[in-house]
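The file coords-v4.tsv comes next; it holds TSV, C-alpha atoms.
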chain	number	residue	atom	x	y	z
Q	1	MET	CA	-102.76	-4.59	101.61
Q	2	THR	CA	-101.05	-3.30	98.49
Q	3	MET	CA	-102.88	-2.33	95.35
Q	4	THR	CA	-101.48	-0.79	92.22
Q	5	ALA	CA	-103.12	2.55	91.62
Q	6	GLY	CA	-101.41	3.05	88.26
Q	7	SER	CA	-98.08	2.79	86.50
Q	8	MET	CA	-96.73	5.85	88.37
Q	9	LEU	CA	-98.54	5.50	91.69
Q	10	SER	CA	-98.93	2.67	94.17
Q	11	CYS	CA	-101.24	2.49	97.17
Q	12	THR	CA	-100.60	0.49	100.34
Q	13	VAL	CA	-103.28	0.27	103.02
Q	14	GLU	CA	-102.36	-0.71	106.57
Q	15	GLY	CA	-105.12	-0.44	109.11
Q	16	ALA	CA	-106.82	2.89	108.54
Q	17	VAL	CA	-103.87	4.53	106.75
Q	18	ALA	CA	-103.37	4.58	102.97
Q	19	THR	CA	-99.84	5.36	101.78
Q	20	LEU	CA	-99.54	6.60	98.20
Q	21	LEU	CA	-96.09	6.32	96.64
Q	22	ILE	CA	-95.23	8.35	93.55
Q	23	ASN	CA	-92.81	6.42	91.35
Q	24	HIS	CA	-92.23	8.18	88.05
Q	25	PRO	CA	-88.48	8.07	87.37
Q	26	PRO	CA	-86.18	9.75	86.97
Q	27	ALA	CA	-87.55	12.81	88.81
Q	28	ASN	CA	-91.25	12.15	89.53
Q	29	THR	CA	-92.34	14.88	87.14
Q	30	LEU	CA	-95.97	15.93	87.40
Q	31	THR	CA	-97.30	14.89	84.00
Q	32	PRO	CA	-100.97	14.89	82.94
Q	33	GLU	CA	-100.86	11.09	83.25
Q	34	LEU	CA	-99.64	11.25	86.86
Q	35	LEU	CA	-102.26	13.87	87.67
Q	36	ALA	CA	-104.92	11.54	86.26
Q	37	GLU	CA	-103.66	8.65	88.42
Q	38	LEU	CA	-103.67	10.87	91.50
Q	39	SER	CA	-107.23	11.95	90.74
Q	40	THR	CA	-108.47	8.38	90.26
Q	41	THR	CA	-106.69	7.07	93.35
Q	42	PHE	CA	-107.95	9.83	95.62
Q	43	ASP	CA	-111.49	9.22	94.33
Q	44	GLN	CA	-111.09	5.57	95.37
Q	45	VAL	CA	-109.61	6.47	98.75
Q	46	ALA	CA	-112.47	8.89	99.40
Q	47	LYS	CA	-114.98	6.06	98.92
Q	48	ASP	CA	-113.08	3.53	101.06
Q	49	GLU	CA	-114.61	3.81	104.52
Q	50	ALA	CA	-111.75	1.78	106.03
Q	51	VAL	CA	-109.23	4.49	105.09
Q	52	LYS	CA	-109.23	7.41	107.51
Q	53	VAL	CA	-105.94	9.18	106.71
Q	54	VAL	CA	-103.74	9.35	103.60
Q	55	VAL	CA	-99.95	9.72	103.40
Q	56	LEU	CA	-98.49	10.91	100.08
Q	57	THR	CA	-94.77	10.58	99.35
Q	58	GLY	CA	-92.30	10.01	96.53
Q	59	THR	CA	-89.43	7.71	95.68
Q	60	GLY	CA	-85.72	8.35	95.94
Q	61	ARG	CA	-84.56	11.97	96.09
Q	62	PHE	CA	-87.74	13.43	94.62
Q	63	PHE	CA	-91.18	14.19	95.95
Q	64	ILE	CA	-91.99	15.83	92.63
Q	65	ALA	CA	-89.35	17.80	90.73
Q	66	GLY	CA	-91.97	19.88	88.93
Q	67	ALA	CA	-94.08	19.76	85.79
Q	68	ASP	CA	-92.92	18.08	82.61
Q	69	ILE	CA	-91.09	20.83	80.71
Q	70	ARG	CA	-91.99	19.21	77.38
Q	71	VAL	CA	-95.68	19.51	78.23
Q	72	LEU	CA	-95.23	23.18	79.17
Q	73	ALA	CA	-93.32	23.82	75.94
Q	74	SER	CA	-96.13	22.25	73.90
Q	75	ILE	CA	-98.76	24.78	75.04
Q	76	ALA	CA	-99.86	26.44	71.81
Q	77	SER	CA	-102.15	29.25	73.02
Q	78	SER	CA	-103.41	31.18	76.02
Q	79	LYS	CA	-106.67	29.23	75.85
Q	80	GLU	CA	-104.81	25.92	76.00
Q	81	GLY	CA	-102.69	27.16	78.90
Q	82	GLU	CA	-105.73	28.29	80.85
Q	83	ALA	CA	-107.44	24.95	80.26
Q	84	MET	CA	-104.38	23.07	81.54
Q	85	ALA	CA	-104.25	25.23	84.67
Q	86	LEU	CA	-107.96	24.77	85.36
Q	87	GLN	CA	-107.67	21.01	84.97
Q	88	GLY	CA	-104.72	20.83	87.36
Q	89	GLN	CA	-106.46	23.10	89.86
Q	90	ALA	CA	-109.58	20.93	89.76
Q	91	ILE	CA	-107.59	17.78	90.57
Q	92	LEU	CA	-105.69	19.41	93.45
Q	93	ASP	CA	-108.95	20.88	94.76
Q	94	ARG	CA	-110.41	17.36	94.86
Q	95	ILE	CA	-107.40	16.12	96.82
Q	96	GLU	CA	-107.71	18.99	99.30
Q	97	GLY	CA	-111.44	18.36	99.60
Q	98	VAL	CA	-111.24	14.56	99.89
Q	99	GLY	CA	-112.79	14.75	103.36
Q	100	LYS	CA	-109.92	12.88	105.04
Q	101	PRO	CA	-106.62	14.29	106.30
Q	102	VAL	CA	-103.84	14.06	103.72
Q	103	ILE	CA	-100.23	14.19	104.94
Q	104	ALA	CA	-97.48	15.06	102.47
Q	105	ALA	CA	-94.22	13.32	103.39
Q	106	ILE	CA	-91.81	15.43	101.32
Q	107	ASN	CA	-88.85	13.14	100.78
Q	108	GLY	CA	-86.61	15.39	98.67
Q	109	ILE	CA	-86.91	17.85	95.79
Q	110	CYS	CA	-90.35	19.49	95.83
Q	111	LEU	CA	-90.59	22.20	93.17
Q	112	GLY	CA	-93.21	23.84	90.99
Q	113	GLY	CA	-96.22	21.60	90.57
Q	114	GLY	CA	-94.76	19.35	93.26
Q	115	LEU	CA	-94.99	22.10	95.84
Q	116	GLU	CA	-98.47	22.95	94.60
Q	117	LEU	CA	-99.43	19.31	95.20
Q	118	ALA	CA	-97.91	19.44	98.69
Q	119	LEU	CA	-99.77	22.70	99.40
Q	120	CYS	CA	-103.13	21.04	98.81
Q	121	CYS	CA	-102.30	18.43	101.46
Q	122	HIS	CA	-103.44	19.27	104.97
Q	123	ILE	CA	-100.20	18.55	106.84
Q	124	ARG	CA	-96.66	18.64	105.44
Q	125	LEU	CA	-93.56	16.93	106.80
Q	126	ALA	CA	-90.17	17.23	105.11
Q	127	ALA	CA	-86.99	15.20	105.19
Q	128	GLU	CA	-83.74	16.92	106.04
Q	129	GLY	CA	-82.05	17.99	102.82
Q	130	SER	CA	-85.31	18.60	100.96
Q	131	ARG	CA	-85.62	21.68	98.75
Q	132	LEU	CA	-88.95	23.41	98.20
Q	133	GLY	CA	-89.85	26.21	95.82
Q	134	GLN	CA	-91.87	27.70	92.98
Q	135	PRO	CA	-89.31	28.27	90.20
Q	136	GLU	CA	-91.81	28.91	87.40
Q	137	ILE	CA	-90.72	32.57	87.11
Q	138	ASN	CA	-87.40	31.31	85.70
Q	139	LEU	CA	-89.31	29.83	82.75
Q	140	GLY	CA	-91.23	33.01	82.03
Q	141	ILE	CA	-94.43	31.67	83.57
Q	142	MET	CA	-96.05	31.51	87.03
Q	143	PRO	CA	-97.60	28.80	89.21
Q	144	GLY	CA	-100.87	27.69	87.68
Q	145	PHE	CA	-102.09	24.83	89.89
Q	146	GLY	CA	-102.97	26.97	92.91
Q	147	GLY	CA	-99.50	27.98	94.07
Q	148	THR	CA	-100.11	31.73	94.06
Q	149	GLN	CA	-103.25	31.33	96.15
Q	150	ARG	CA	-102.41	28.56	98.62
Q	151	LEU	CA	-98.88	29.81	99.28
Q	152	ALA	CA	-100.15	33.31	100.09
Q	153	ARG	CA	-102.80	31.90	102.42
Q	154	ILE	CA	-100.30	29.71	104.24
Q	155	LEU	CA	-97.32	32.07	104.43
Q	156	GLY	CA	-98.84	35.52	103.94
Q	157	GLN	CA	-98.40	37.71	100.89
Q	158	SER	CA	-94.86	38.97	101.51
Q	159	LYS	CA	-93.13	35.60	101.82
Q	160	ALA	CA	-95.25	34.09	99.04
Q	161	MET	CA	-94.26	37.00	96.79
Q	162	GLU	CA	-90.60	36.46	97.63
Q	163	LEU	CA	-90.66	32.75	96.84
Q	164	ILE	CA	-92.68	33.12	93.65
Q	165	LEU	CA	-91.03	36.26	92.25
Q	166	THR	CA	-87.46	35.09	92.86
Q	167	GLY	CA	-88.02	31.44	92.03
Q	168	GLU	CA	-85.40	30.55	94.64
Q	169	PRO	CA	-85.88	27.26	96.53
Q	170	ILE	CA	-85.62	27.06	100.30
Q	171	SER	CA	-84.35	24.37	102.65
Q	172	ALA	CA	-86.56	22.08	104.69
Q	173	GLN	CA	-85.48	23.87	107.86
Q	174	GLU	CA	-86.42	27.29	106.47
Q	175	ALA	CA	-89.73	25.81	105.31
Q	176	LYS	CA	-90.39	24.78	108.91
Q	177	THR	CA	-89.35	28.19	110.25
Q	178	ILE	CA	-91.86	30.00	108.02
Q	179	GLY	CA	-94.64	27.46	108.61
Q	180	LEU	CA	-94.63	25.79	105.20
Q	181	VAL	CA	-94.00	22.39	106.83
Q	182	SER	CA	-94.74	21.37	110.41
Q	183	GLN	CA	-91.86	18.94	110.98
Q	184	VAL	CA	-88.39	18.25	109.59
Q	185	VAL	CA	-87.10	14.73	110.23
Q	186	SER	CA	-84.29	12.53	108.98
Q	187	PRO	CA	-84.87	10.91	105.59
Q	188	GLU	CA	-84.79	7.49	107.26
Q	189	ASP	CA	-87.55	8.46	109.70
Q	190	LEU	CA	-89.78	10.45	107.34
Q	191	LEU	CA	-92.25	7.78	106.31
Q	192	ARG	CA	-92.37	6.25	109.78
Q	193	GLN	CA	-93.10	9.66	111.31
Q	194	ALA	CA	-95.75	10.48	108.71
Q	195	GLN	CA	-97.48	7.12	109.13
Q	196	GLY	CA	-97.27	7.41	112.92
Q	197	LEU	CA	-98.92	10.82	112.74
Q	198	ALA	CA	-101.56	9.34	110.42
Q	199	ARG	CA	-102.27	6.49	112.85
Q	200	THR	CA	-102.65	8.97	115.71
Q	201	ILE	CA	-105.21	10.96	113.71
Q	202	ALA	CA	-106.95	7.77	112.59
Q	203	SER	CA	-107.41	6.74	116.23
Q	204	LYS	CA	-109.57	9.79	116.95
Q	205	GLY	CA	-113.30	10.06	116.39
Q	206	GLN	CA	-113.59	10.66	112.70
Q	207	MET	CA	-116.68	12.83	112.94
Q	208	ALA	CA	-114.63	15.28	115.00
Q	209	VAL	CA	-111.68	14.95	112.61
Q	210	ARG	CA	-113.83	15.72	109.58
Q	211	ALA	CA	-115.57	18.62	111.31
Q	212	SER	CA	-112.23	20.11	112.38
Q	213	LEU	CA	-110.86	19.69	108.87
Q	214	ARG	CA	-113.90	21.44	107.43
Q	215	ALA	CA	-113.78	24.27	109.97
Q	216	ILE	CA	-110.14	25.04	109.27
Q	217	ARG	CA	-110.30	24.65	105.48
Q	218	GLN	CA	-113.50	26.63	104.97
Q	219	GLY	CA	-112.91	29.06	107.80
Q	220	VAL	CA	-109.79	30.60	106.29
Q	221	GLU	CA	-111.87	31.59	103.27
Q	222	LEU	CA	-114.44	33.44	105.41
Q	223	ASN	CA	-114.40	36.60	107.47
Q	224	LEU	CA	-113.89	35.99	111.18
Q	225	HIS	CA	-117.57	36.44	112.07
Q	226	ASP	CA	-118.76	33.84	109.57
Q	227	ALA	CA	-115.86	31.50	110.36
Q	228	LEU	CA	-116.75	31.55	114.06
Q	229	ALA	CA	-120.38	30.84	113.18
Q	230	LEU	CA	-119.23	27.84	111.13
Q	231	GLU	CA	-117.13	26.60	114.06
Q	232	ALA	CA	-120.05	26.95	116.46
Q	233	ARG	CA	-122.41	25.10	114.14
Q	234	LEU	CA	-120.00	22.20	113.66
Q	235	PHE	CA	-119.28	22.07	117.40
Q	236	GLY	CA	-123.01	21.88	118.05
Q	237	GLU	CA	-123.46	19.06	115.55
Q	238	LEU	CA	-120.74	17.05	117.29
Q	239	CYS	CA	-122.56	17.42	120.61
Q	240	ASP	CA	-125.30	15.16	119.25
Q	241	THR	CA	-122.92	12.32	118.35
Q	242	ALA	CA	-122.27	9.01	120.09
Q	243	ASP	CA	-118.55	9.76	119.80
Q	244	ARG	CA	-118.95	12.85	121.98
Q	245	ARG	CA	-120.67	10.78	124.67
Q	246	GLU	CA	-118.02	8.06	124.42
Q	247	GLY	CA	-115.13	10.53	124.53
Q	248	LEU	CA	-116.40	12.25	127.67
Q	249	SER	CA	-117.30	8.96	129.37
Q	250	ALA	CA	-113.87	7.52	128.64
Q	251	PHE	CA	-112.18	10.60	130.07
Q	252	LEU	CA	-114.22	10.49	133.28
Q	253	GLU	CA	-113.70	6.73	133.61
Q	254	LYS	CA	-109.95	7.09	132.94
Q	255	ARG	CA	-109.90	4.69	129.99
Q	256	GLN	CA	-109.16	4.88	126.28
Q	257	PRO	CA	-112.18	5.86	124.18
Q	258	HIS	CA	-113.64	3.50	121.60
Q	259	PHE	CA	-114.98	5.77	118.91
Q	260	MET	CA	-117.62	4.43	116.52
Q	261	ASP	CA	-117.51	7.38	114.10
Q	262	ARG	CA	-121.16	8.17	114.63

structure tokens encoding of this file:
Amino acid sequence: MTMTAGSMLSCTVEGAVATLLINHPPANTLTPELLAELSTTFDQVAKDEAVKVVVLTGTGRFFIAGADIRVLASIASSKEGEAMALQGQAILDRIEGVGKPVIAAINGICLGGGLELALCCHIRLAAEGSRLGQPEINLGIMPGFGGTQRLARILGQSKAMELILTGEPISAQEAKTIGLVSQVVSPEDLLRQAQGLARTIASKGQMAVRASLRAIRQGVELNLHDALALEARLFGELCDTADRREGLSAFLEKRQPHFMDR
């Protein structure tokens, strides 16, 4: 099923996987209008119980080339700049907290706000030849949509400092080496691989998927003691589910499980 999410974003749903395609030529710049369409579409996806996993990708050679420079140039005051950053952060926070796994299929250039968008996704795949970076320093500014915080949490402070303070982009292969993306595949296979990964995740018991997602996302913000307590609590909650009983029965009976997500 295909539904138009907006003039810059389309949504195709096949089975339990929603694929969102960014199409804002010529370079898929991250404008306020595109951010609004992303926000609205992810709100809809969150409410659609049939959708279990989301794949986000772009058209042509661009995932997202960055923010619209004209919008950045129009910022008239520190107060206006702060408000823009807070608005962008809020939208990306909602995407990260949608409650369903989101896979970024990075199909090409992924810079600035584009990388910040990819960072709020839970899994990142990149096509060979992609370039990723935070070049804001070259414009006399810094990442404002969560890049300084998510990048440091994913890569550690030293590598995040290097990428942000130099503004130099890196290759897809280097991104995989440092843990920024989990897979690098050919451009022709990127969407197929991302959707295949999404279908694999969608086939699992979704109560366990959501609990795992919550444990990882929230746990990295906590000290180890509290994070382990969170993990134990969520594990215990899953022990009361029908999916846990079905999963164990299927394993012992040597058959595929039929999860009911309850």

Using only C-alpha atoms, which protein or nucleic acid residues come within 9 Å of region 53-69 of chain Q? Drop anything in the same chain fewer than 4 positions from it, and give the result as JSON, numbers by chain. {"Q": [16, 17, 18, 19, 20, 21, 22, 23, 24, 25, 26, 27, 28, 29, 30, 31, 32, 45, 73, 74, 100, 101, 102, 103, 104, 105, 106, 107, 108, 109, 110, 111, 112, 113, 114, 115, 117, 118, 121, 130, 134, 135, 191, 194, 195, 198, 199, 201, 202]}

Pick from Q:Ser158, Q:Asn223, Q:Thr200, Q:Gln206, whichever lies nearest to Ile178 (chain Q) using all atoms listed in the file: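 Closest candidate: Q:Ser158.
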
Could you state the separation of CA of Ile95 (chain Q) and CA of Ser39 (chain Q) in Å, given to one decimal place? 7.4 Å

Sel. within 10 Å of pt (-106.9, 5.2, 93.6), counting all atoms listed in the file, output as an mmCIF file with C-alpha atoms, in the frame of the given file:
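See out_29.cif below for the written result:
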data_model
loop_
_atom_site.group_PDB
_atom_site.id
_atom_site.type_symbol
_atom_site.label_atom_id
_atom_site.label_comp_id
_atom_site.auth_asym_id
_atom_site.auth_seq_id
_atom_site.Cartn_x
_atom_site.Cartn_y
_atom_site.Cartn_z
ATOM 1 C CA MET Q 3 -102.880 -2.330 95.350
ATOM 2 C CA THR Q 4 -101.480 -0.790 92.220
ATOM 3 C CA ALA Q 5 -103.120 2.550 91.620
ATOM 4 C CA GLY Q 6 -101.410 3.050 88.260
ATOM 5 C CA LEU Q 9 -98.540 5.500 91.690
ATOM 6 C CA SER Q 10 -98.930 2.670 94.170
ATOM 7 C CA CYS Q 11 -101.240 2.490 97.170
ATOM 8 C CA LEU Q 20 -99.540 6.600 98.200
ATOM 9 C CA ALA Q 36 -104.920 11.540 86.260
ATOM 10 C CA GLU Q 37 -103.660 8.650 88.420
ATOM 11 C CA LEU Q 38 -103.670 10.870 91.500
ATOM 12 C CA SER Q 39 -107.230 11.950 90.740
ATOM 13 C CA THR Q 40 -108.470 8.380 90.260
ATOM 14 C CA THR Q 41 -106.690 7.070 93.350
ATOM 15 C CA PHE Q 42 -107.950 9.830 95.620
ATOM 16 C CA ASP Q 43 -111.490 9.220 94.330
ATOM 17 C CA GLN Q 44 -111.090 5.570 95.370
ATOM 18 C CA VAL Q 45 -109.610 6.470 98.750
ATOM 19 C CA ALA Q 46 -112.470 8.890 99.400
ATOM 20 C CA LYS Q 47 -114.980 6.060 98.920
ATOM 21 C CA ASP Q 48 -113.080 3.530 101.060
#

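Closest approach to Gly99 (chain Q) from the set Q:Glu49, Q:Glu136, Q:Glu128, Q:Glu80 is made by Q:Glu49, with distances taken over all atoms listed in the file.
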
Calculate how many Å separate CA of Asp226 (chain Q) from CA of Leu151 (chain Q), rounding to one decimal. 22.7 Å

Calculate how many Å separate CA of Leu35 (chain Q) from CA of Ile170 (chain Q), rounding to one decimal.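 According to the coordinates, CA of Leu35 (chain Q) and CA of Ile170 (chain Q) are separated by 24.7 Å.
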
Between Q:Ala229, Q:Ala126, Q:Met207, Q:Ala175, single out the one closest to Ala242 (chain Q), counting all atoms listed in the file.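 Of Q:Ala229, Q:Ala126, Q:Met207, Q:Ala175, the one nearest Ala242 (chain Q) is Q:Met207, counting all atoms listed in the file.
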
So that all listed atoms of region 215-230 of chain Q fit with 8 Å spare on each side, what axis-aligned box centre and edge lengths in Å, to one decimal, would you give as AutoDock Vina command-line options?
--center_x -115.1 --center_y 30.4 --center_z 108.7 --size_x 26.6 --size_y 28.3 --size_z 26.8

Using all atoms listed in the file, pick whichever of Q:Val181, Q:Ile123, Q:Met260, Q:Leu238 has the shortest atom-to-atom distance to Glu96 (chain Q).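 Nearest to Glu96 (chain Q): Q:Ile123.
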